[in-house]
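Student: Input: one structure, supplied below.
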Amino acid sequence: MTQESHHESHHELPFWRKYIFSVDHKVIGIQYGITSLLFLFFGFTLIMMLRWQLAYPNQPVPGFGWLFKETMGIMPPEFYNQLGAMHGTIMVFLGVVPLAVGAFGNYVMPLQIGAPDMAFPKLNMISYWVYFVGGVLMLASFFVPGGAASSGWTSYPPLSVIATTGQTMWLVSMVFLITSSLLGSVNFITTITLMRAKGLDFFRLPFFVWAQFVTAFLLLLAFPPLEGAAILQLMDRLAGTSFFLPSGLVISGTPLNVSGGGNAVLWQHLFWFLAHPEVYVLILPAMGIVAEVIVVNSRKPLYGYKSLVYSVLFLGFMSFVVWAHHMFLTGMGTFLSNFFMVTTMIISIPSVIVLTVLVITLWGGSIRFTTPMLFAIAFLPMFGIGGLTGLPLGFNATDIHLHDTYYVIGHFHYVVAPGTIFALFAGIYHWFPKVTGRKMCEILGKIHFWPSLLFMNGIFFTMLFYGAAGVQRRLYDPTVYTHAQPVQWLNVVMSYSAWGLAISQIPFMINLFKNVFSRKKIHENPWEATTLEWAASSPPPHGNFATAPQVFRGPYEYSVPGHAQDFFPQHLEGTHS
Amino acid sequence: MTTTTSHHPSIKKYLAVFGALLILTGATVGVSYLHIGSIVITVGIALLIAAAKGSLVAAFFMHLMGEHKWIYLVLALTAFFFLVMLLVPFISHFNDYRI
Amino acid sequence: MTSHTTTLDTVQPGELPYAKLGTWLFLASEVMLFGSLFSAYILLRAGSATWPHGWQLLNIKLATLNTVFLITSSVTMVLAYAKIQNGEIGKFRLFLALTILLGSAFLVVKYFEYSHKFHEGHFPSTNLFYATYFTMTGLHVLHVIGGLLVNLYFLFPGLKLYESSPEQFVGRIECSGLYWHFVDLVWIFLFPVLYLL
């Protein structure tokens with residue numbers, strides 16, 4: 001039931017209102033999907049450039065001589081820093097989150113709860129366009145004098161406060177992106193709470209919806225402190241305040257002409273208060289997607305549904321009290337240090353439960369090794385390695401040696417790259433039939449999958465060793481350090497793996513473009529799944545369902561004993577178990 | 001009516017709350033003139049009075065009394081994380097090795 | 001299956017309007033936004049060797065007047081909502097207009113406060129005290145302006161909605177009221193923290 005009853009206008013909307021400024025969650029979901037995939041591609045390109053400098057320090061970059069004319073084709077350090085900062089920023093805020101939440105969440109969630117659209121369709125549209133403006137600002141920042149932000153995606157002061165104009169654009173853009181997320185999370189929570197179909201109790205929701213629900217709370221409550229911090233940093237940069245500038249700061253021999261008295265660690269507290277829940281924003285939708293794909297392709301109910309739900313609720317809650325494990329080396333005392341270590345250890349428990357539950361779900365299943373299933377299965381050990389490598393970082397004693405080394409980069413990329421991004425690929429292959437009414441090619445899918453898996457590990461497993469050898473992050477030329485010289489060859493391995501990973505995405509892009517417009521249409525439920533989105537046509541019309549569906553059972557009734565088919569959709573009447 | 005949980009507007013109640021808020025505002029300013037020595041007590045009293053005023057606004061003007069459970073749940077979560085955010089940087093100041 | 005109206009799971013139609021839940025969720029995020037600034041203030045003040053008292057540098061009388069303005073505007077706002085619930089459009093407009101006037105009066109006082117400080121040569125860059133004062137009250141001022149704009153909209157062009165869909169309009173006034181009370185709430189904490197401590 002819609003609060004604002006838009007009576008179906010039976011005359012066609014003009015093109016710009018149907019496809020550009022649409023309020024239909026499906027169109028908005030696709031807009032988020034296309035934009036975020038483009039940003040992911042761009043962010044990946046940035047790091048491929050950076051990886052040349054790491055593999056072959058101070059050698060001219062092939063094909064980019066025109067960009068670095070003053071330095072004879074060699075990438076300048078300032079540019080290297082921009083690549084590093086913007087790669088992180090773009091991948092996290094313009095790529096993964098908009099894809100996982102904006103695209104998948106927007107498109108699939110209302111369908112899975114049997115709703116005709118989101119609670120606030122116009123707000124949904126505004127959320128997308130605010131994200132778009134934020135993205136344009138980020139890209140534009142490359143072209144201002146001094147280039148884009150170059151103080152890391154973490155923008156630590158005092159460096160970020162004295163950095164060039166690009167940093168201001170980064171801050172303003174972040175305000176836009178945060179606003180977009182806030183508006184989106186208000187929409188998601190209201191929709192899931194109040195617009196579920198009749199009979200769809202909370203514990204009959206697909207796990208994907210639970211994941212999006214918790215994610216929305218994380219975005220709602222954790223993002224504002226970063227917005228506050230961004231305001232303070234903007235004041236420091238533009239109004240001459242010293243929120244983050246300590247007294248007596250001297251830059252290149254010249255004392256800074258500011259009032260001083262500020263605290264650089266304050267930024268870190270406020271930043272990480274968001275950024276830790278943010279990493280759970282990165283992983284939760286992925287877990288949701290993996291659960292859906294694994295269940296459908298195992299023809300078995302999800303094992304331990306309730307444990308899974310309680311685990312992610314606990315995970316979401318705990319994610320707010322672990323943030324200072326990113327700050328172990330800021331001189332904090334033992335009380336706080338141990339507090340955050342303990343909470344960090346505790347938060348690993350629900351993650352392990354999630355992983356275990358998903359693995360047990362596979363056990364004894366009739367596994368269909370489709371492309372989405374391959375990506376979903378691969379997610380499990382990859383996320384496992386990511387999680388395990390996080391443990392020595394969570395222990396404050398071992399973190400002393402590993403903090404700010406490539407080991408950290410290896411750890412978090414395992415979770416996000418062969419973790420979340422693989423889950424997102426699984427989601428694309430899985431829901432492509434629903435969105436387009438066509439299937440993607442399985443052969444191209446497998447050609448996409450296997451090299452991607454190989455090269456992901458080539459990059460990030462290698463990186464763990466590189467970091468354990470003590471090489472620090474964000475170094476323009478690591479070979480200036482003697483301890484980094486013996487392991488410099490690992491950079492060559494990582495860089496070629498990165499470039500190989502890029503090439504491996506070509507079959508995926510071909511697959512997408514080829515099949516979006518292919519003639520072969522399929523029916524609405526090609527995977528024989530039980531959740532509500534498969535009851536709508538492919539693609540669903542405006543309003544999604546001809547009549548509001550009613551739900552009679554849980555979301556994962558597969559291989560029900562005595563039942564004729566091996567799946568029992570949620571919306572069909574009949575004896576329920 | 002859109003609001004089904006009956007919010008019978010009671011003008012008298014609103015005016016009574018208004019009066020209480022004005023008195024408490026007077027108290028806030030009055031206490032500050034006392035220039036109490038201990039910073040802890042000063043802060044404590046100021047926050048206590050502010051909390052009282054805030055509670056009146058929330059309970060009566062924002063109709064939080066007898067509001068829906070979902071609203072309470074959201075606010076309870078927010079209150080908890082708000083406290084965490086307020087306390088930790090403060091505690092860190094006293095726990096850090098360098099002041 | 002007994003359907004209690006107060007369970008978290010099954011919400012009866014009309015029991016909790018979408019816009020009301022949405023507004024409270026938005027306010028929750030605002031609590032975290034202003035809270036982060038309060039948190040920053042606490043950390044910075046605790047870490048400072050010296051920090052002036054608010055009453056040494058700021059005009060308490062003006063700020064007290066402003067507090068009275070905002071509290072009164074909260075009363076007129078809730079009265080406006082009561083009137084529109086009752087269908088009394090004339091009185092609704094009167095009280096909404098009063099709310100807007102009182103909010104504007106708040107802004108006028110703030111204008112005088114700020115310009116006096118600038119005239120004295122005190123800017124956000126002067127020291128941390130002024131930095132926090134200007135930033136926190138500045139963000140609050142932006143929120144006051146936002147609330148005024150929304151209320152102006154409902155006083156004039158937005159009122160049309162009442163003719164076509166009165167229930168929906170009343171719901172919007174409720175949400176606008178919630179936001180306005182929140183703006184008052186923030187000031188209730190800002191005032192003692194910045195001016196009196």
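Residue numbering restarts at 1 for every chain of the structure tokens, chains are lettered A, B, ... in their displayed order, and ligands are numbered from 1 as they appear.
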Which residues are close to Pro89 in chain B, i.e. within 7 Å by only C-alpha atoms, leaving aside same-chain residues fewer than 3 positions away? Reply as a VMD selection string.
Tutor: (chain A and resid 269) or (chain B and resid 86 92 to 93) or (chain C and resid 43)
Student: Filtering to C-alpha atoms, could you give me those residues as a short mmCIF file (atom, residue, chain, number, x, y, z; two decimals), in the first residue's frame?
Tutor:
```
data_model
loop_
_atom_site.label_atom_id
_atom_site.label_comp_id
_atom_site.auth_asym_id
_atom_site.auth_seq_id
_atom_site.Cartn_x
_atom_site.Cartn_y
_atom_site.Cartn_z
CA HIS A 269 38.59 9.35 15.62
CA LEU B 86 31.04 11.31 22.86
CA SER B 92 41.35 8.77 25.03
CA HIS B 93 42.55 12.16 26.13
CA LEU C 43 38.16 16.51 23.03
#
```
Student: Please identify all residues of chain A having at least one atom at most 10 Å from any atom of chain B, considering only C-alpha atoms, and return them as a list in words.
Tutor: Thr193, Phe217, Leu220, Leu221, Ala222, Pro225, Val265, Leu266, His269, Leu270, Phe273, Phe317, Phe320, Val321, Ala324, Thr330, Gly331, Met332, Gly333, Thr334, Phe335, Leu336 and Ser337 of chain A
Student: Produce a file of the selected residues containing C-alpha atoms, as a PDB file, in the first residue's frame.
Tutor:
```pdb
ATOM      1  CA  THR A 193      10.024  -1.829   7.896  1.00  0.00           C
ATOM      2  CA  PHE A 217      21.456   1.515   9.717  1.00  0.00           C
ATOM      3  CA  LEU A 220      22.467   6.272   8.676  1.00  0.00           C
ATOM      4  CA  LEU A 221      24.285   6.470  11.988  1.00  0.00           C
ATOM      5  CA  ALA A 222      27.957   6.220  11.045  1.00  0.00           C
ATOM      6  CA  PRO A 225      30.393  12.002  12.066  1.00  0.00           C
ATOM      7  CA  VAL A 265      44.034  12.564  16.141  1.00  0.00           C
ATOM      8  CA  LEU A 266      40.545  14.063  16.461  1.00  0.00           C
ATOM      9  CA  HIS A 269      38.594   9.349  15.622  1.00  0.00           C
ATOM     10  CA  LEU A 270      35.826  10.962  13.598  1.00  0.00           C
ATOM     11  CA  PHE A 273      34.071   6.144  13.500  1.00  0.00           C
ATOM     12  CA  PHE A 317      26.083  -3.268  16.390  1.00  0.00           C
ATOM     13  CA  PHE A 320      30.450   0.888  15.962  1.00  0.00           C
ATOM     14  CA  VAL A 321      32.789   0.044  18.841  1.00  0.00           C
ATOM     15  CA  ALA A 324      40.271   2.646  17.066  1.00  0.00           C
ATOM     16  CA  THR A 330      48.649   7.010  17.721  1.00  0.00           C
ATOM     17  CA  GLY A 331      50.014   6.821  21.244  1.00  0.00           C
ATOM     18  CA  MET A 332      46.850   5.624  22.916  1.00  0.00           C
ATOM     19  CA  GLY A 333      47.106   4.174  26.379  1.00  0.00           C
ATOM     20  CA  THR A 334      46.744   0.513  27.241  1.00  0.00           C
ATOM     21  CA  PHE A 335      43.182   0.739  28.547  1.00  0.00           C
ATOM     22  CA  LEU A 336      41.727   1.963  25.281  1.00  0.00           C
ATOM     23  CA  SER A 337      44.114  -0.111  23.224  1.00  0.00           C
TER      24      SER A 337
END
```
Student: Pick out the closest residue to chain C from this set: B:Met62, B:Val17, B:Val40, B:Val31. Count only C-alpha atoms.
Tutor: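 The shortest atom-to-atom distance to chain C comes from B:Met62.
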Student: Select residues of chain B: the criterion is any atom within 9 Å of an atom of chain C, counting only C-alpha atoms; output as a ChimeraX atom specification.
Tutor: /B:1-5,7-11,14-15,17-18,21-22,25-26,28-29,31-33,39,42-43,46-47,50-51,53-55,57-58,61-63,68-71,74-75,78-79,81-83,85-94,99
Student: Can you work out which residues from chain A touch chain C at a cut-off of 7 Å (counting only C-alpha atoms) and hand them back as number ranges by chain?
Tutor: A: 119, 186, 190, 194, 201-202, 220-221, 224-225, 227-228, 239-243, 259, 261-263, 266
Student: Would you mind exporting C-alpha atoms of the selected residues as a PDB file, in the first residue's frame?
Tutor:
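Here's the written file again32.pdb:
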```pdb
ATOM      1  CA  ALA A 119       8.703   4.339   0.371  1.00  0.00           C
ATOM      2  CA  VAL A 186      16.197   6.564   5.265  1.00  0.00           C
ATOM      3  CA  THR A 190      11.354   2.787   5.929  1.00  0.00           C
ATOM      4  CA  LEU A 194       6.685  -0.725   6.498  1.00  0.00           C
ATOM      5  CA  ASP A 201       7.319 -11.377   8.612  1.00  0.00           C
ATOM      6  CA  PHE A 202      10.857 -10.333   9.382  1.00  0.00           C
ATOM      7  CA  LEU A 220      22.467   6.272   8.676  1.00  0.00           C
ATOM      8  CA  LEU A 221      24.285   6.470  11.988  1.00  0.00           C
ATOM      9  CA  PRO A 224      27.217  11.857   9.914  1.00  0.00           C
ATOM     10  CA  PRO A 225      30.393  12.002  12.066  1.00  0.00           C
ATOM     11  CA  GLU A 227      30.294  14.784   7.575  1.00  0.00           C
ATOM     12  CA  GLY A 228      31.015  16.645  10.798  1.00  0.00           C
ATOM     13  CA  ALA A 239      38.419  29.677   7.292  1.00  0.00           C
ATOM     14  CA  GLY A 240      41.837  29.338   8.866  1.00  0.00           C
ATOM     15  CA  THR A 241      40.693  27.442  11.945  1.00  0.00           C
ATOM     16  CA  SER A 242      42.923  24.928  13.723  1.00  0.00           C
ATOM     17  CA  PHE A 243      40.619  22.091  14.630  1.00  0.00           C
ATOM     18  CA  SER A 259      46.050  29.718  16.070  1.00  0.00           C
ATOM     19  CA  GLY A 261      45.733  24.141  19.713  1.00  0.00           C
ATOM     20  CA  GLY A 262      44.019  21.560  17.548  1.00  0.00           C
ATOM     21  CA  ASN A 263      44.323  17.794  17.535  1.00  0.00           C
ATOM     22  CA  LEU A 266      40.545  14.063  16.461  1.00  0.00           C
TER      23      LEU A 266
END
```
Student: Could you jot down the CA of Trp272 in chain A to CA of Thr154 in chain A separation for me, Å, one decimal place?
Tutor: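 Computed distance, CA of Trp272 in chain A to CA of Thr154 in chain A, equals 8.6 Å.
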Student: Using only C-alpha atoms, determine which residues lie at most 8 Å from range 79-91 of chain A, disregarding the query and same-chain residues fewer than 2 positions distant; provide the list as a ChimeraX atom specification.
Tutor: /A:39-40,43-44,46-47,49-50,75-77,93-96,147-154,474,476
Student: Grab the residues selected above and save them as a PDB file, in the first residue's frame with N, CA and C atoms.
Tutor:
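Output saved as part01.pdb:
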```
ATOM      1  N   PHE A  39      32.749   3.867 -12.594  1.00  0.00           N
ATOM      2  CA  PHE A  39      33.700   4.354 -11.602  1.00  0.00           C
ATOM      3  C   PHE A  39      34.659   3.243 -11.171  1.00  0.00           C
ATOM      4  N   LEU A  40      34.151   2.019 -11.036  1.00  0.00           N
ATOM      5  CA  LEU A  40      35.026   0.905 -10.679  1.00  0.00           C
ATOM      6  C   LEU A  40      36.101   0.731 -11.750  1.00  0.00           C
ATOM      7  N   GLY A  43      38.541   3.661 -11.376  1.00  0.00           N
ATOM      8  CA  GLY A  43      39.381   3.487 -10.192  1.00  0.00           C
ATOM      9  C   GLY A  43      40.418   2.403 -10.392  1.00  0.00           C
ATOM     10  N   PHE A  44      40.056   1.366 -11.137  1.00  0.00           N
ATOM     11  CA  PHE A  44      40.973   0.285 -11.437  1.00  0.00           C
ATOM     12  C   PHE A  44      42.086   0.786 -12.363  1.00  0.00           C
ATOM     13  N   LEU A  46      43.284   3.759 -12.474  1.00  0.00           N
ATOM     14  CA  LEU A  46      44.225   4.555 -11.688  1.00  0.00           C
ATOM     15  C   LEU A  46      45.280   3.663 -11.054  1.00  0.00           C
ATOM     16  N   ILE A  47      44.845   2.542 -10.484  1.00  0.00           N
ATOM     17  CA  ILE A  47      45.805   1.706  -9.783  1.00  0.00           C
ATOM     18  C   ILE A  47      46.711   0.963 -10.758  1.00  0.00           C
ATOM     19  N   MET A  49      47.947   2.266 -13.386  1.00  0.00           N
ATOM     20  CA  MET A  49      49.022   3.221 -13.650  1.00  0.00           C
ATOM     21  C   MET A  49      50.006   3.245 -12.497  1.00  0.00           C
ATOM     22  N   LEU A  50      49.459   3.288 -11.270  1.00  0.00           N
ATOM     23  CA  LEU A  50      50.310   3.362 -10.086  1.00  0.00           C
ATOM     24  C   LEU A  50      51.209   2.135  -9.998  1.00  0.00           C
ATOM     25  N   MET A  75      56.302   9.251 -13.888  1.00  0.00           N
ATOM     26  CA  MET A  75      55.208   9.727 -13.040  1.00  0.00           C
ATOM     27  C   MET A  75      55.780  10.525 -11.870  1.00  0.00           C
ATOM     28  N   PRO A  76      55.370  11.800 -11.672  1.00  0.00           N
ATOM     29  CA  PRO A  76      55.871  12.557 -10.521  1.00  0.00           C
ATOM     30  C   PRO A  76      55.280  12.016  -9.216  1.00  0.00           C
ATOM     31  N   PRO A  77      55.981  12.209  -8.099  1.00  0.00           N
ATOM     32  CA  PRO A  77      55.472  11.720  -6.807  1.00  0.00           C
ATOM     33  C   PRO A  77      54.106  12.304  -6.455  1.00  0.00           C
ATOM     34  N   PHE A  93      33.774   4.744  -2.297  1.00  0.00           N
ATOM     35  CA  PHE A  93      32.586   5.597  -2.217  1.00  0.00           C
ATOM     36  C   PHE A  93      31.842   5.772  -3.523  1.00  0.00           C
ATOM     37  N   LEU A  94      32.521   5.638  -4.650  1.00  0.00           N
ATOM     38  CA  LEU A  94      31.852   5.818  -5.934  1.00  0.00           C
ATOM     39  C   LEU A  94      31.616   4.500  -6.662  1.00  0.00           C
ATOM     40  N   GLY A  95      32.295   3.461  -6.220  1.00  0.00           N
ATOM     41  CA  GLY A  95      32.193   2.184  -6.902  1.00  0.00           C
ATOM     42  C   GLY A  95      31.417   1.151  -6.102  1.00  0.00           C
ATOM     43  N   VAL A  96      32.067   0.577  -5.098  1.00  0.00           N
ATOM     44  CA  VAL A  96      31.496  -0.589  -4.418  1.00  0.00           C
ATOM     45  C   VAL A  96      30.187  -0.284  -3.692  1.00  0.00           C
ATOM     46  N   GLY A 147      46.035  19.283  -8.876  1.00  0.00           N
ATOM     47  CA  GLY A 147      45.446  17.957  -9.074  1.00  0.00           C
ATOM     48  C   GLY A 147      44.504  17.546  -7.968  1.00  0.00           C
ATOM     49  N   ALA A 148      44.164  16.263  -7.990  1.00  0.00           N
ATOM     50  CA  ALA A 148      43.161  15.738  -7.065  1.00  0.00           C
ATOM     51  C   ALA A 148      43.750  15.600  -5.655  1.00  0.00           C
ATOM     52  N   ALA A 149      42.883  15.168  -4.735  1.00  0.00           N
ATOM     53  CA  ALA A 149      43.322  14.918  -3.364  1.00  0.00           C
ATOM     54  C   ALA A 149      44.464  13.920  -3.381  1.00  0.00           C
ATOM     55  N   SER A 150      45.428  14.132  -2.505  1.00  0.00           N
ATOM     56  CA  SER A 150      46.608  13.261  -2.532  1.00  0.00           C
ATOM     57  C   SER A 150      47.075  12.911  -1.124  1.00  0.00           C
ATOM     58  N   SER A 151      46.160  12.970  -0.162  1.00  0.00           N
ATOM     59  CA  SER A 151      46.550  12.684   1.214  1.00  0.00           C
ATOM     60  C   SER A 151      45.972  11.360   1.671  1.00  0.00           C
ATOM     61  N   GLY A 152      45.837  10.422   0.740  1.00  0.00           N
ATOM     62  CA  GLY A 152      45.255   9.142   1.082  1.00  0.00           C
ATOM     63  C   GLY A 152      43.742   9.245   1.107  1.00  0.00           C
ATOM     64  N   TRP A 153      43.062   8.111   0.986  1.00  0.00           N
ATOM     65  CA  TRP A 153      41.603   8.172   1.071  1.00  0.00           C
ATOM     66  C   TRP A 153      41.190   8.527   2.477  1.00  0.00           C
ATOM     67  N   THR A 154      42.169   8.450   3.420  1.00  0.00           N
ATOM     68  CA  THR A 154      41.885   8.743   4.813  1.00  0.00           C
ATOM     69  C   THR A 154      42.066  10.216   5.166  1.00  0.00           C
ATOM     70  N   ARG A 474      52.074   3.532   0.647  1.00  0.00           N
ATOM     71  CA  ARG A 474      52.110   4.884   0.079  1.00  0.00           C
ATOM     72  C   ARG A 474      53.530   5.374  -0.172  1.00  0.00           C
ATOM     73  N   TYR A 476      56.392   6.194  -2.845  1.00  0.00           N
ATOM     74  CA  TYR A 476      56.557   6.459  -4.275  1.00  0.00           C
ATOM     75  C   TYR A 476      57.599   5.518  -4.878  1.00  0.00           C
TER      76      TYR A 476
END
```
Student: If you measure from CA of Val250 in chain A to CA of Ser160 in chain A, what distance in Å do you get, rounded to one decimal?
Tutor: 14.7 Å
Student: Can you tell me which residues surround range 24-37 of chain A at a distance of at most 9 Å, considering only C-alpha atoms, apart from same-chain residues fewer than 6 positions away, and format the answer as a ChimeraX atom specification?
Tutor: /A:18,91,94-108,110,117-118,121-122,124-125,128,131-132,435,540,542-543
Student: For CA of Val61 in chain A and CA of Val92 in chain A, quote the distance in Å rounded to one decimal.
Tutor: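 Separation between CA of Val61 in chain A and CA of Val92 in chain A: 26.0 Å.
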Student: Point out the residue among B:Lys12, B:Ala27, B:Ala20, B:Tyr72 with the least atom-to-atom distance to Ile49 in chain B, counting only C-alpha atoms.
Tutor: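 Closest to Ile49 in chain B of all the choices is B:Ala27.
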Student: Give me the residues near Thr356 in chain A as a list in words, where near means some atom within 10 Å (using only C-alpha atoms) and where sequence neighbours in that chain fewer than 6 positions away do not count.
Tutor: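 With the cut-off at 10 Å, the set is Tyr303, Gly304, Leu308, Pro350, Leu380 and Gly384 of chain A.
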